[in-house]
Each structure stands twice: as C-alpha cells, then as structure tokens.
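*Asks:* Below is the file structure_20.tsv, which contains TSV, C-alpha atoms.
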chain	number	residue	atom	x	y	z
A	1	MET	CA	-17.38	-51.42	18.23
A	2	LYS	CA	-14.89	-52.01	15.43
A	3	LEU	CA	-17.28	-50.39	13.01
A	4	VAL	CA	-17.56	-47.33	15.23
A	5	VAL	CA	-13.76	-46.99	15.44
A	6	LEU	CA	-13.47	-47.41	11.68
A	7	PHE	CA	-16.16	-44.81	11.11
A	8	LEU	CA	-14.45	-42.32	13.46
A	9	ALA	CA	-11.09	-42.91	11.76
A	10	LEU	CA	-12.58	-42.30	8.33
A	11	ALA	CA	-14.34	-39.18	9.58
A	12	ALA	CA	-11.10	-37.83	10.99
A	13	LEU	CA	-9.26	-38.50	7.74
A	14	SER	CA	-11.94	-36.83	5.66
A	15	SER	CA	-11.76	-33.68	7.78
A	16	VAL	CA	-8.04	-33.23	7.11
A	17	SER	CA	-7.76	-30.88	4.13
A	18	TYR	CA	-4.86	-31.22	1.73
A	19	ALA	CA	-2.04	-28.90	2.85
A	20	HIS	CA	-0.81	-26.80	-0.06
A	21	THR	CA	2.61	-25.24	-0.23
A	22	VAL	CA	3.39	-22.01	-2.03
A	23	THR	CA	6.78	-21.05	-3.40
A	24	ALA	CA	7.93	-17.62	-4.50
A	25	ASN	CA	11.11	-17.24	-6.54
A	26	PHE	CA	12.65	-13.85	-7.20
A	27	ALA	CA	15.62	-13.68	-9.60
A	28	PHE	CA	17.23	-10.25	-9.71
A	29	ASN	CA	20.30	-8.14	-9.14
A	30	ILE	CA	21.03	-4.73	-7.69
A	31	GLY	CA	22.84	-2.30	-9.96
A	32	GLY	CA	22.85	-4.33	-13.14
A	33	ASP	CA	25.00	-7.31	-12.13
A	34	LYS	CA	26.11	-9.44	-9.19
A	35	GLU	CA	29.30	-7.52	-8.40
A	36	ASP	CA	29.97	-6.04	-4.95
A	37	THR	CA	26.79	-7.58	-3.60
A	38	THR	CA	26.53	-9.29	-0.23
A	39	VAL	CA	23.82	-11.83	0.45
A	40	HIS	CA	22.90	-12.29	4.12
A	41	VAL	CA	21.02	-15.29	5.45
A	42	ASN	CA	21.17	-17.31	8.69
A	43	ASP	CA	23.67	-14.88	10.31
A	44	GLU	CA	26.19	-15.38	7.50
A	45	ASN	CA	27.37	-13.18	4.64
A	46	TYR	CA	27.95	-14.61	1.19
A	47	SER	CA	29.05	-13.07	-2.06
A	48	ALA	CA	26.22	-12.88	-4.56
A	49	THR	CA	28.47	-14.89	-6.86
A	50	PHE	CA	28.68	-17.74	-4.32
A	51	PRO	CA	28.45	-20.72	-6.64
A	52	ASN	CA	26.75	-23.28	-4.41
A	53	GLU	CA	23.10	-23.56	-3.61
A	54	LEU	CA	22.24	-22.62	-0.03
A	55	ASN	CA	19.19	-24.24	1.52
A	56	PHE	CA	17.87	-23.44	5.00
A	57	PHE	CA	15.02	-25.21	6.74
A	58	ASP	CA	15.02	-24.41	10.46
A	59	LEU	CA	15.80	-20.73	10.39
A	60	GLU	CA	15.45	-18.62	13.51
A	61	LYS	CA	15.61	-15.42	11.45
A	62	LYS	CA	13.39	-16.13	8.49
A	63	TYR	CA	14.66	-13.73	5.86
A	64	ILE	CA	17.23	-13.36	3.13
A	65	SER	CA	18.68	-10.12	1.84
A	66	ALA	CA	21.08	-8.71	-0.74
A	67	GLN	CA	22.83	-5.37	-0.32
A	68	ARG	CA	24.99	-3.22	-2.51
A	69	ASN	CA	26.14	0.38	-2.07
A	70	GLY	CA	23.52	1.16	0.56
A	71	LEU	CA	20.68	-0.51	-1.31
A	72	LEU	CA	18.88	-3.43	0.29
A	73	ALA	CA	16.58	-5.98	-1.34
A	74	TYR	CA	14.98	-8.61	0.83
A	75	MET	CA	12.42	-11.33	1.26
A	76	ILE	CA	10.95	-11.92	4.73
A	77	PHE	CA	8.65	-14.68	5.92
A	78	ASN	CA	5.50	-13.32	7.54
A	79	GLY	CA	3.17	-16.27	7.19
A	80	ASN	CA	1.97	-19.14	9.34
A	81	ASP	CA	4.08	-22.13	8.30
A	82	PHE	CA	7.69	-21.58	7.26
A	83	LEU	CA	9.31	-24.37	5.25
A	84	ASN	CA	12.56	-23.10	3.76
A	85	ILE	CA	14.67	-20.39	2.15
A	86	LYS	CA	17.00	-21.05	-0.74
A	87	PHE	CA	19.69	-19.02	-2.49
A	88	ARG	CA	21.19	-20.01	-5.81
A	89	GLN	CA	22.64	-18.62	-9.02
A	90	TYR	CA	20.06	-17.95	-11.73
A	91	ASP	CA	21.93	-16.73	-14.81
A	92	MET	CA	24.94	-14.60	-15.73
A	93	ASP	CA	23.54	-11.44	-14.15
A	94	ASN	CA	21.00	-12.63	-11.63
A	95	TYR	CA	20.85	-14.65	-8.43
A	96	MET	CA	17.66	-16.09	-7.00
A	97	PHE	CA	15.90	-16.00	-3.64
A	98	GLN	CA	13.36	-18.73	-3.02
A	99	MET	CA	10.97	-19.08	-0.09
A	100	ILE	CA	8.54	-21.94	0.51
A	101	GLN	CA	5.75	-21.82	3.05
A	102	GLY	CA	2.49	-23.54	3.83
A	103	ALA	CA	-0.37	-22.02	1.88
A	104	ASP	CA	-2.55	-21.39	4.92
A	105	LYS	CA	-2.20	-17.70	5.87
A	106	ASN	CA	0.97	-17.42	3.79
A	107	LYS	CA	2.63	-14.06	3.41
A	108	PHE	CA	5.83	-13.02	1.68
A	109	ILE	CA	7.35	-9.61	2.31
A	110	ILE	CA	9.46	-8.26	-0.52
A	111	GLY	CA	11.21	-4.93	-0.34
A	112	PHE	CA	13.77	-2.74	-2.01
A	113	THR	CA	14.93	0.06	0.23
A	114	SER	CA	17.96	1.86	1.63
A	115	GLY	CA	20.00	0.29	4.41
A	116	SER	CA	21.72	-2.96	5.27
A	117	TRP	CA	20.82	-6.31	6.80
A	118	PRO	CA	21.09	-5.08	10.45
A	119	ASP	CA	18.14	-2.81	9.64
A	120	ILE	CA	16.07	-5.91	8.94
A	121	GLU	CA	17.27	-7.69	12.10
A	122	SER	CA	16.45	-4.73	14.30
A	123	LYS	CA	12.85	-4.70	13.07
A	124	LEU	CA	12.28	-8.39	12.42
A	125	SER	CA	10.26	-9.00	15.57
A	126	GLY	CA	7.95	-6.11	14.69
A	127	ILE	CA	7.33	-7.07	11.08
A	128	PRO	CA	5.35	-5.71	9.42
A	129	SER	CA	6.60	-2.55	11.09
A	130	LYS	CA	6.40	0.82	9.39
A	131	THR	CA	9.66	0.57	7.50
A	132	VAL	CA	12.45	-1.94	7.26
A	133	GLY	CA	15.11	0.29	5.72
A	134	ASN	CA	17.04	3.12	7.32
A	135	LEU	CA	14.48	5.81	6.46
A	136	GLN	CA	13.23	7.18	9.77
A	137	GLN	CA	14.92	10.58	9.40
A	138	ASP	CA	13.17	11.14	6.11
A	139	ILE	CA	9.79	10.35	7.62
A	140	LYS	CA	10.29	12.84	10.46
A	141	ARG	CA	11.20	15.66	8.09
A	142	ASP	CA	7.96	15.49	6.18
A	143	LYS	CA	5.35	17.37	8.23
A	144	SER	CA	2.69	17.74	5.57
A	145	PHE	CA	-0.86	16.74	6.38
A	146	PHE	CA	-4.22	17.46	4.87
A	147	VAL	CA	-7.76	18.04	6.02
A	148	ARG	CA	-10.21	16.66	3.49
A	149	ALA	CA	-13.98	16.59	3.18
A	150	ASP	CA	-15.58	14.03	0.87
A	151	TYR	CA	-19.16	14.41	-0.33
A	152	SER	CA	-21.01	11.46	-1.76
A	153	GLY	CA	-24.38	13.25	-1.73
A	154	ILE	CA	-23.48	16.24	-3.89
A	155	ASP	CA	-21.74	17.03	-7.14
A	156	ILE	CA	-18.88	19.47	-6.96
A	157	LEU	CA	-18.76	21.11	-10.35
A	158	ASN	CA	-15.38	22.86	-10.32
A	159	ALA	CA	-11.68	22.19	-9.92
A	160	LEU	CA	-9.60	24.77	-8.11
A	161	ARG	CA	-6.18	25.04	-6.44
A	162	VAL	CA	-5.38	28.18	-4.46
A	163	SER	CA	-3.07	29.49	-1.75
A	164	GLY	CA	-2.99	32.71	0.30
A	165	VAL	CA	-5.95	35.10	0.72
A	166	LYS	CA	-8.79	34.04	-1.55
A	167	LYS	CA	-12.53	34.36	-1.81
A	168	VAL	CA	-14.31	31.22	-2.83
A	169	VAL	CA	-17.95	31.51	-3.84
A	170	SER	CA	-19.73	28.23	-3.29
B	1	MET	CA	-18.45	30.52	-9.11
B	2	LYS	CA	-20.88	27.60	-8.60
B	3	VAL	CA	-19.18	24.81	-6.74
B	4	VAL	CA	-21.91	22.46	-5.57
B	5	LYS	CA	-25.39	21.36	-6.51
B	6	MET	CA	-27.88	19.18	-4.67
B	7	LYS	CA	-28.52	15.48	-5.22
B	8	GLY	CA	-31.20	13.30	-3.60
B	9	MET	CA	-32.74	14.50	-0.29
B	10	LEU	CA	-32.55	11.13	1.49
B	11	SER	CA	-28.78	10.86	1.29
B	12	LEU	CA	-28.41	14.48	2.39
B	13	ILE	CA	-30.34	13.96	5.62
B	14	ILE	CA	-28.20	10.96	6.53
B	15	ALA	CA	-25.00	12.87	5.83
B	16	LEU	CA	-26.11	15.73	8.07
B	17	ALA	CA	-26.77	13.46	11.05
B	18	VAL	CA	-23.28	11.95	10.83
B	19	ILE	CA	-21.55	15.29	10.59
B	20	ILE	CA	-23.32	16.85	13.57
B	21	ALA	CA	-22.15	14.01	15.79
B	22	SER	CA	-18.56	14.24	14.64
B	23	THR	CA	-18.15	18.02	14.88
B	24	VAL	CA	-18.12	17.85	18.68
B	25	ILE	CA	-15.19	15.44	18.58
B	26	VAL	CA	-13.26	17.61	16.13
B	27	ALA	CA	-13.66	20.65	18.39
B	28	SER	CA	-12.37	18.84	21.47
B	29	SER	CA	-9.24	17.59	19.72
B	30	ILE	CA	-8.50	21.07	18.39
B	31	ASN	CA	-8.34	22.37	21.99
B	32	PHE	CA	-5.77	19.74	22.90
B	33	TYR	CA	-3.40	20.66	20.08
B	34	ILE	CA	-3.64	24.41	20.73
B	35	GLU	CA	-2.19	23.87	24.19
B	36	THR	CA	0.70	21.69	23.09
B	37	SER	CA	2.75	23.57	20.48
B	38	GLY	CA	2.99	26.59	18.23
B	39	ASP	CA	2.92	24.36	15.17
B	40	ALA	CA	-0.54	23.40	16.30
B	41	GLN	CA	-1.89	26.79	15.22
B	42	ASN	CA	-1.45	25.79	11.58
B	43	PHE	CA	-3.08	22.48	12.31
B	44	ASN	CA	-5.88	24.25	14.18
B	45	GLN	CA	-6.40	26.74	11.37
B	46	GLY	CA	-6.76	23.92	8.87
B	47	LYS	CA	-9.27	22.02	10.95
B	48	ILE	CA	-11.39	25.09	11.69
B	49	LEU	CA	-11.35	26.23	8.07
B	50	MET	CA	-12.48	22.86	6.80
B	51	SER	CA	-15.06	22.45	9.55
B	52	ASN	CA	-16.53	25.84	8.66
B	53	LEU	CA	-16.50	25.03	4.97
B	54	ASP	CA	-18.12	21.69	5.67
B	55	ALA	CA	-20.87	23.47	7.59
B	56	VAL	CA	-21.48	25.74	4.60
B	57	VAL	CA	-21.76	22.76	2.28
B	58	ARG	CA	-24.18	21.07	4.68
B	59	GLU	CA	-26.36	24.17	4.65
B	60	LEU	CA	-26.45	24.02	0.88
B	61	MET	CA	-27.63	20.43	0.98
B	62	PHE	CA	-30.98	21.57	2.35
B	63	GLU	CA	-31.53	24.34	-0.14
B	64	SER	CA	-32.83	24.25	-3.64
B	65	LYS	CA	-30.76	23.09	-6.57
B	66	GLY	CA	-28.27	25.73	-7.63
B	67	ALA	CA	-28.08	27.47	-4.22
B	68	THR	CA	-24.82	29.33	-3.56
B	69	ARG	CA	-22.85	30.77	-0.63
B	70	ASP	CA	-19.86	33.05	-0.29
B	71	PHE	CA	-16.97	31.54	1.64
B	72	SER	CA	-13.81	33.54	2.30
B	73	PHE	CA	-10.64	32.45	4.06
B	74	ASN	CA	-7.13	33.63	4.76
B	75	LEU	CA	-4.73	30.77	4.19
B	76	LYS	CA	-1.34	31.55	5.77
B	77	GLN	CA	0.32	28.47	4.31
B	78	GLY	CA	-0.50	25.45	2.23
B	79	PHE	CA	-2.90	24.84	-0.64
B	80	PHE	CA	-6.63	24.51	-0.94
B	81	HIS	CA	-8.06	22.18	-3.57
B	82	VAL	CA	-11.54	21.81	-4.96
B	83	ASP	CA	-11.66	18.46	-6.74
B	84	GLY	CA	-14.77	18.27	-8.88
B	85	ASN	CA	-13.85	14.85	-10.25
B	86	ASN	CA	-13.89	13.16	-6.86
B	87	ASN	CA	-16.33	15.52	-5.09
B	88	LEU	CA	-13.94	16.55	-2.36
B	89	LEU	CA	-12.45	19.65	-0.77
B	90	LYS	CA	-8.89	19.35	0.44
B	91	LEU	CA	-6.53	21.56	2.40
B	92	THR	CA	-2.85	20.58	2.45
B	93	MET	CA	-0.60	22.14	5.11
B	94	GLU	CA	2.49	21.45	7.25
B	95	ALA	CA	2.50	21.00	11.03
B	96	ASP	CA	4.33	18.60	13.29
B	97	VAL	CA	1.53	17.87	15.73
B	98	ILE	CA	0.38	14.40	14.75
B	99	GLU	CA	2.45	11.28	14.18
B	100	PRO	CA	3.38	10.26	10.62
B	101	GLY	CA	0.73	7.99	9.17
B	102	THR	CA	-1.97	9.25	11.52
B	103	ILE	CA	-5.49	9.19	10.10
B	104	ILE	CA	-8.37	10.86	11.94
B	105	LYS	CA	-11.85	10.48	10.48
B	106	GLU	CA	-14.60	12.77	11.72
B	107	GLY	CA	-17.67	12.37	9.55
B	108	ASN	CA	-16.99	14.00	6.21
B	109	VAL	CA	-13.71	15.47	7.41
B	110	ILE	CA	-10.58	13.35	7.27
B	111	ILE	CA	-7.19	14.45	8.61
B	112	LYS	CA	-4.18	12.55	7.39
B	113	ARG	CA	-0.46	13.04	7.78
B	114	ARG	CA	1.91	11.58	5.30
B	115	PRO	CA	2.88	8.97	4.32
B	116	PHE	CA	0.06	7.94	2.01
B	117	VAL	CA	-0.34	5.47	-0.84
B	118	ASP	CA	-1.47	6.42	-4.33
B	119	ALA	CA	-2.75	3.74	-6.70
B	120	TYR	CA	-3.14	4.63	-10.35
B	121	ASP	CA	-2.60	3.57	-13.95
B	122	GLY	CA	0.83	4.53	-15.27
B	123	ASP	CA	3.82	3.47	-17.28
B	124	PRO	CA	6.86	3.74	-14.99
B	125	ASP	CA	9.05	1.60	-17.24
B	126	ASN	CA	8.15	3.66	-20.34
B	127	ASP	CA	7.40	0.61	-22.44
B	128	ASP	CA	4.15	2.13	-23.78
B	129	GLU	CA	2.15	-0.50	-21.92
B	130	ASN	CA	-0.14	0.33	-19.04
B	131	ASP	CA	0.91	-0.69	-15.55
B	132	LEU	CA	-0.95	-0.78	-12.25
B	133	VAL	CA	1.13	1.42	-9.97
B	134	MET	CA	1.13	1.66	-6.18
B	135	GLU	CA	3.33	4.36	-4.73
B	136	ASN	CA	4.10	5.82	-1.31
B	137	ASP	CA	6.93	8.05	-0.07
B	138	PHE	CA	9.43	5.18	-0.13
B	139	ILE	CA	8.78	2.83	-2.99
B	140	MET	CA	6.88	2.49	-6.23
B	141	PHE	CA	5.58	-0.99	-7.01
B	142	SER	CA	4.03	-1.75	-10.36
B	143	VAL	CA	2.38	-4.76	-11.95
B	144	LYS	CA	1.65	-5.00	-15.67
B	145	GLU	CA	-1.99	-4.37	-16.46
B	146	ILE	CA	-3.11	-7.49	-18.28
B	147	GLY	CA	-6.59	-8.61	-19.30
B	148	SER	CA	-9.65	-8.06	-17.17
B	149	ASN	CA	-12.23	-9.95	-15.19
B	150	GLU	CA	-14.30	-10.25	-18.38
B	151	SER	CA	-11.37	-11.02	-20.67
B	152	HIS	CA	-8.73	-13.44	-19.47
B	153	VAL	CA	-5.51	-13.38	-21.50
B	154	ASP	CA	-2.16	-15.17	-21.50
B	155	ILE	CA	0.03	-14.20	-18.56
B	156	GLY	CA	3.59	-15.00	-17.60
B	157	THR	CA	4.74	-13.84	-14.19
B	158	LYS	CA	8.43	-13.51	-15.07
B	159	ASP	CA	8.32	-9.89	-16.23
B	160	LEU	CA	5.32	-8.78	-14.23
B	161	ILE	CA	6.63	-6.57	-11.44
B	162	ILE	CA	8.98	-3.61	-10.93
B	163	ILE	CA	10.10	-2.17	-7.57
B	164	THR	CA	11.64	1.30	-7.37
B	165	ASN	CA	13.46	2.73	-4.35
B	166	LYS	CA	12.29	6.35	-4.55
B	167	PHE	CA	15.08	7.77	-2.38
B	168	THR	CA	17.75	6.61	-4.79
B	169	ASN	CA	15.60	6.32	-7.91
B	170	THR	CA	16.91	2.82	-8.45
B	171	THR	CA	14.86	-0.05	-9.76
B	172	ILE	CA	14.87	-3.81	-9.64
B	173	LYS	CA	12.86	-5.98	-12.00
B	174	PRO	CA	12.69	-9.40	-10.38
B	175	GLU	CA	11.87	-12.38	-12.55
B	176	GLN	CA	9.12	-13.77	-10.40
B	177	THR	CA	8.05	-17.40	-10.62
B	178	MET	CA	5.43	-19.09	-8.48
B	179	LEU	CA	4.92	-22.71	-7.53
B	180	ILE	CA	2.02	-24.33	-5.74
B	181	ASP	CA	2.66	-27.80	-4.34
B	182	MET	CA	5.97	-27.57	-6.26
B	183	THR	CA	4.08	-27.27	-9.56
B	184	ASP	CA	5.11	-24.29	-11.68
B	185	VAL	CA	2.14	-21.95	-12.00
B	186	SER	CA	4.02	-19.02	-13.51
B	187	SER	CA	2.10	-19.05	-16.75
B	188	GLY	CA	-1.53	-19.40	-17.72
B	189	THR	CA	-4.45	-17.16	-18.47
B	190	GLY	CA	-5.99	-14.52	-16.27
B	191	TYR	CA	-5.76	-10.85	-15.48
B	192	THR	CA	-4.43	-8.23	-13.11
B	193	GLU	CA	-6.53	-5.57	-11.40
B	194	PHE	CA	-6.58	-3.05	-8.59
B	195	LEU	CA	-8.56	-4.13	-5.56
B	196	ASN	CA	-8.67	-0.45	-4.66
B	197	ARG	CA	-7.28	2.66	-6.30
B	198	GLY	CA	-7.11	6.38	-5.60
B	199	SER	CA	-4.96	8.92	-3.80
B	200	ASP	CA	-4.07	9.42	-0.13
B	201	LEU	CA	-4.93	5.82	0.72
B	202	GLU	CA	-3.98	3.89	3.83
B	203	GLU	CA	-3.11	0.92	1.62
B	204	ALA	CA	-3.59	-0.31	-1.92
B	205	SER	CA	-3.70	-3.81	-3.38
B	206	ILE	CA	-3.24	-5.38	-6.80
B	207	ARG	CA	-4.63	-8.80	-7.60
B	208	LEU	CA	-3.26	-11.29	-10.08
B	209	PHE	CA	-5.79	-13.96	-11.01
B	210	MET	CA	-4.33	-16.95	-12.82
B	211	ASN	CA	-5.85	-20.00	-14.45
B	212	SER	CA	-2.87	-22.33	-14.50
B	213	THR	CA	-2.11	-25.95	-13.67
B	214	ILE	CA	-3.50	-24.95	-10.31
B	215	ASP	CA	-5.74	-21.86	-10.28
B	216	TYR	CA	-4.78	-19.18	-7.80
B	217	GLU	CA	-4.71	-15.50	-7.03
B	218	ALA	CA	-1.79	-13.47	-5.73
B	219	VAL	CA	-2.46	-10.21	-3.91
B	220	PHE	CA	0.23	-7.54	-3.63
B	221	THR	CA	-0.41	-4.93	-0.91
B	222	LEU	CA	1.46	-1.68	-0.27
B	223	LYS	CA	0.64	0.24	2.90
B	224	ALA	CA	1.35	3.85	3.75
B	225	GLY	CA	4.71	4.11	5.49
B	226	HIS	CA	5.95	0.71	4.38
B	227	ASP	CA	9.02	0.26	2.23
B	228	PHE	CA	7.95	-3.24	1.23
B	229	VAL	CA	5.09	-5.08	-0.39
B	230	GLU	CA	3.18	-7.92	1.22
B	231	VAL	CA	2.37	-10.84	-1.09
B	232	GLU	CA	-0.27	-13.47	-0.41
B	233	VAL	CA	-0.82	-16.43	-2.70
B	234	ARG	CA	-4.20	-18.11	-2.51
B	235	PRO	CA	-4.71	-21.41	-4.31
B	236	MET	CA	-8.27	-21.97	-5.50
B	237	GLU	CA	-9.58	-25.24	-4.11
Just give me the structure as structure tokens.

*Replies:*
Amino acid sequence: MKLVVLFLALAALSSVSYAHTVTANFAFNIGGDKEDTTVHVNDENYSATFPNELNFFDLEKKYISAQRNGLLAYMIFNGNDFLNIKFRQYDMDNYMFQMIQGADKNKFIIGFTSGSWPDIESKLSGIPSKTVGNLQQDIKRDKSFFVRADYSGIDILNALRVSGVKKVVS
Amino acid sequence: MKVVKMKGMLSLIIALAVIIASTVIVASSINFYIETSGDAQNFNQGKILMSNLDAVVRELMFESKGATRDFSFNLKQGFFHVDGNNNLLKLTMEADVIEPGTIIKEGNVIIKRRPFVDAYDGDPDNDDENDLVMENDFIMFSVKEIGSNESHVDIGTKDLIIITNKFTNTTIKPEQTMLIDMTDVSSGTGYTEFLNRGSDLEEASIRLFMNSTIDYEAVFTLKAGHDFVEVEVRPME
C-alpha cells in the first residue's frame, strides 16, 4: 500500500511542469524627456519623475500608462497569470514599465496612441478591443473599402491603375 | 492589352467550382444593401463590376493560352488596379454601408473596409538599415531586420523596436529587455522575421527568435483597427 501511495505521489510530481515566468521591461519617454508626464497605475497618478520604485502585485486594473500632451503610452496585461507591475526610474531621460506574468498563455499589450488613461479604463474589460485610444471619430470618417479578386491559377501580366470611364482589354 | 494567361488546367477547374458557389451569396447581399442606403449604390457598383470581371477571367481560364476578352466599365468614383506582381484585380471605393474592419470573402472576391494592416520591409527610422514594418491606420510598429532562419546573428533587444503614433507623427523607441524566470535574455543570437507579410491584411506578425541563456521566441502582432501591439513570449522547453 505504501509503495502504491509513493508511486502515485511521484507520478503526480512528475506531471507538474516547471512554471516559467516572463518579464517585459520597457524604458522610454514621451516627447524626449520625463517632463509634464503623468504615470497612472492602480487608480493613482504619479509624476514620471517620481523617485521611488512602485511595485504592485494584486492589481484589479492590470495596466500602467504614461501620458503627455494628449499622447498615451501603455502596457496592459492580457495573459493568463498576472504576477506584478513595476514602475521605476531608468536613466536621466527615461522611466521604466515592467510587467511579470506566468509564461503559460502570456500576453503583453503595448501601445502608443492618442488619449488619456480613462480611455484605457473604459475599454479594459473588452481588451483586446478595436482601439484603446480616443480614435473612434477618425475610424468613422474613413469610408474607403475595396473589392479584390485574387487569382492563384493564372498569371496577370500587367500593372494598371485607372479611374473614370476606361476600356480594359483582358 | 494582354492581362492574363492560363496556367495548369487542374487548378483552374477547382477555382471555377468555388466561384460558382460563392456568386449566389454575393448577389443576395447586394440586394440587401441596395434597399438600405444611397451610399450602397457605390458599394453595389463595385461588387457587380468585380463579379462581372471575375466571370470574364473565369471564362479565360478554360480557353487556350493567350486568349483575350474586352472588358469595359464606367467607374463613377474610386480606382481600379491591376496588380501583375500579386495576380490580383482590385477596386477601391468609398461607401458607408459596412462596418469598419469588415471582411467578406466570397470565393475569389474579397470585400474589405478599412482599417487594414500592411507588413513590409522599410526603414522608418532612416538609419539605412532594413526594418520589418507593420502599419495600420493608427500606428506603425517596426522591428529591426536581423539575421535569418539560416543565419543566426548577434541580437540585443534594447534598440529593437519603434512605435509611431500616426495621428500625431510622434515616435517612441522603448529600450526593451526581456527576462525568463528572472534571467536576462535580452541578448544572444537569432533572427527576426515576418510570420506573414503583404498589404490589406487582417493582422501581421513579426517573430524574434533568440538563442540566449534560455532560448525563446517573441511574437509581435498588429491587427487591423488596433492601436496597440500584442506581444507573446514563448520559452523553448
């Protein structure tokens, strides 16, 4: 009986694969330096020059962003196993976002768009939604579409671009 | 002007069967849009023109090599392209009858409304070095082109990527470092490559393969209509 229990325990242990973690660090700035930049994480705003390291483990809203003059850079967790987000100074001109997650089905979302942190919050539950930034009006304006026919069984020999009334001999 | 010539007969017969089935579906969706808005007339015109042209090309497939047809059309707006490099015919127009990002595939005929993704070789930072570029209406994301599957070279990830906000034409160049199990894997040997490239794509991906302290690949994906890039890091067991 003891041997059976020991065997089952060993079998269970052998089936547990080693859990990797993956970490992505992004050191950057918006506009050439850290001035006039607000970092938003865990419902709080911080200056990008905030000197202390910020480390968050049990975040409800798993993202961190930096905004300056209507520009928004961000890192959002979209994986399976969130571990933590960190903010710290990197060098004279750059601050750093860090995110750690379990390797299984990990996914980092990184973006640089127009808007502010409320744009992220309003779309966080739908990530990955179409856009994170405040860009919907621009999408609606563009009405262009195309109708295209691809042919793998033939060779088209020419290149042509025309508009208006034309006669094409094929 | 000769536009097409025949290839093998087997592939032509298969292509014909697919197109006949799809044409019925195209016709029924045209009727729906005609009833809904005036803008739909442009949309309708584009679909009918391309369906007719597609029928002409299909006729040619069953004729001898070098067969020709006349095809005339009156295009009230937009542009018509014949792309001999990629063997495609393309009509670009404007009409607000389908949702942004919509893609309808009907056999050979594909209807897409912006936004799209283009993936191509370029040099957006003008450093005279080739970059792998993915671009949609919102952002341009580039990764340095380094090495190849056959030729692994030294790579550092710190100056690998550039992200450009196209609305403001502003750029950030993050110094990117990666760790696996808290081991720095930001340098090593490997290569970068497109997983798919082309124009008018639904999404494009760039792969970084790295032999480092721990081997891994990182895949960067840009989708049409997204203003962000999705990054997946996959350690090699």

*Asks:* Between atom CA of B:Asp118 and atom CA of A:Phe145, what is the distance, to one decimal in Å?

*Replies:*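 So the two atoms, atom CA of B:Asp118 and atom CA of A:Phe145, lie 14.9 Å apart.
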
*Asks:* Calculate how many Å separate atom CA of B:Glu135 from atom CA of B:Gly198, rounding to one decimal.

*Replies:*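 Going from atom CA of B:Glu135 over to atom CA of B:Gly198, I get 10.7 Å.
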
*Asks:* Specify as a PyMOL selection string all residues of chain B found within 6 Å of chain A, counting only C-alpha atoms.

*Replies:* chain B and resi 1-7+11-12+68-72+74-76+79-84+87-96+108-114+165+174-181+225-232

*Asks:* From the set B:Phe141, B:Phe194, B:Phe167, B:Tyr216, which residue has the shortest atom-to-atom contact distance to B:Pro124, counting only C-alpha atoms?

*Replies:*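 Smallest distance to B:Pro124 is found for B:Phe141.
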
*Asks:* Let me make sure I understand: among A:Ala66, A:Leu83, A:Ile127, A:Met99, which one has the smallest atom-to-atom distance to A:His40 if we use all atoms listed in the file?

*Replies:* A:Ala66

*Asks:* Box for stretch 64-68 of chain B - axis-aligned, 4 Å on each of the six sides, all listed atoms - centre and size in Å to one decimal, as JSON.

*Replies:*
{"center_x": -28.8, "center_y": 26.2, "center_z": -5.6, "size_x": 16.0, "size_y": 14.2, "size_z": 12.1}

*Asks:* Rounded to one decimal, what separation in Å do you get between atom CA of A:Gln67 and atom CA of A:Ile120?

*Replies:*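 Separation of atom CA of A:Gln67 and atom CA of A:Ile120: 11.5 Å.
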
*Asks:* Closest to B:Asp123 among B:Lys158, B:Lys144, B:Lys173, B:Lys47, using all atoms listed in the file?

*Replies:* B:Lys144

*Asks:* Got a sec: who's within 10 Å of A:Phe50, counting all atoms listed in the file, leaving out chain neighbours fewer than 2 positions off, as a list of chain:residue names?

*Replies:*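 Counting all atoms listed in the file, the residues come to A:Lys34, A:Thr38, A:Val39, A:Tyr46, A:Ser47, A:Ala48, A:Asn52, A:Glu53, A:Leu54, A:Phe87, A:Arg88, A:Gln89, A:Tyr95.
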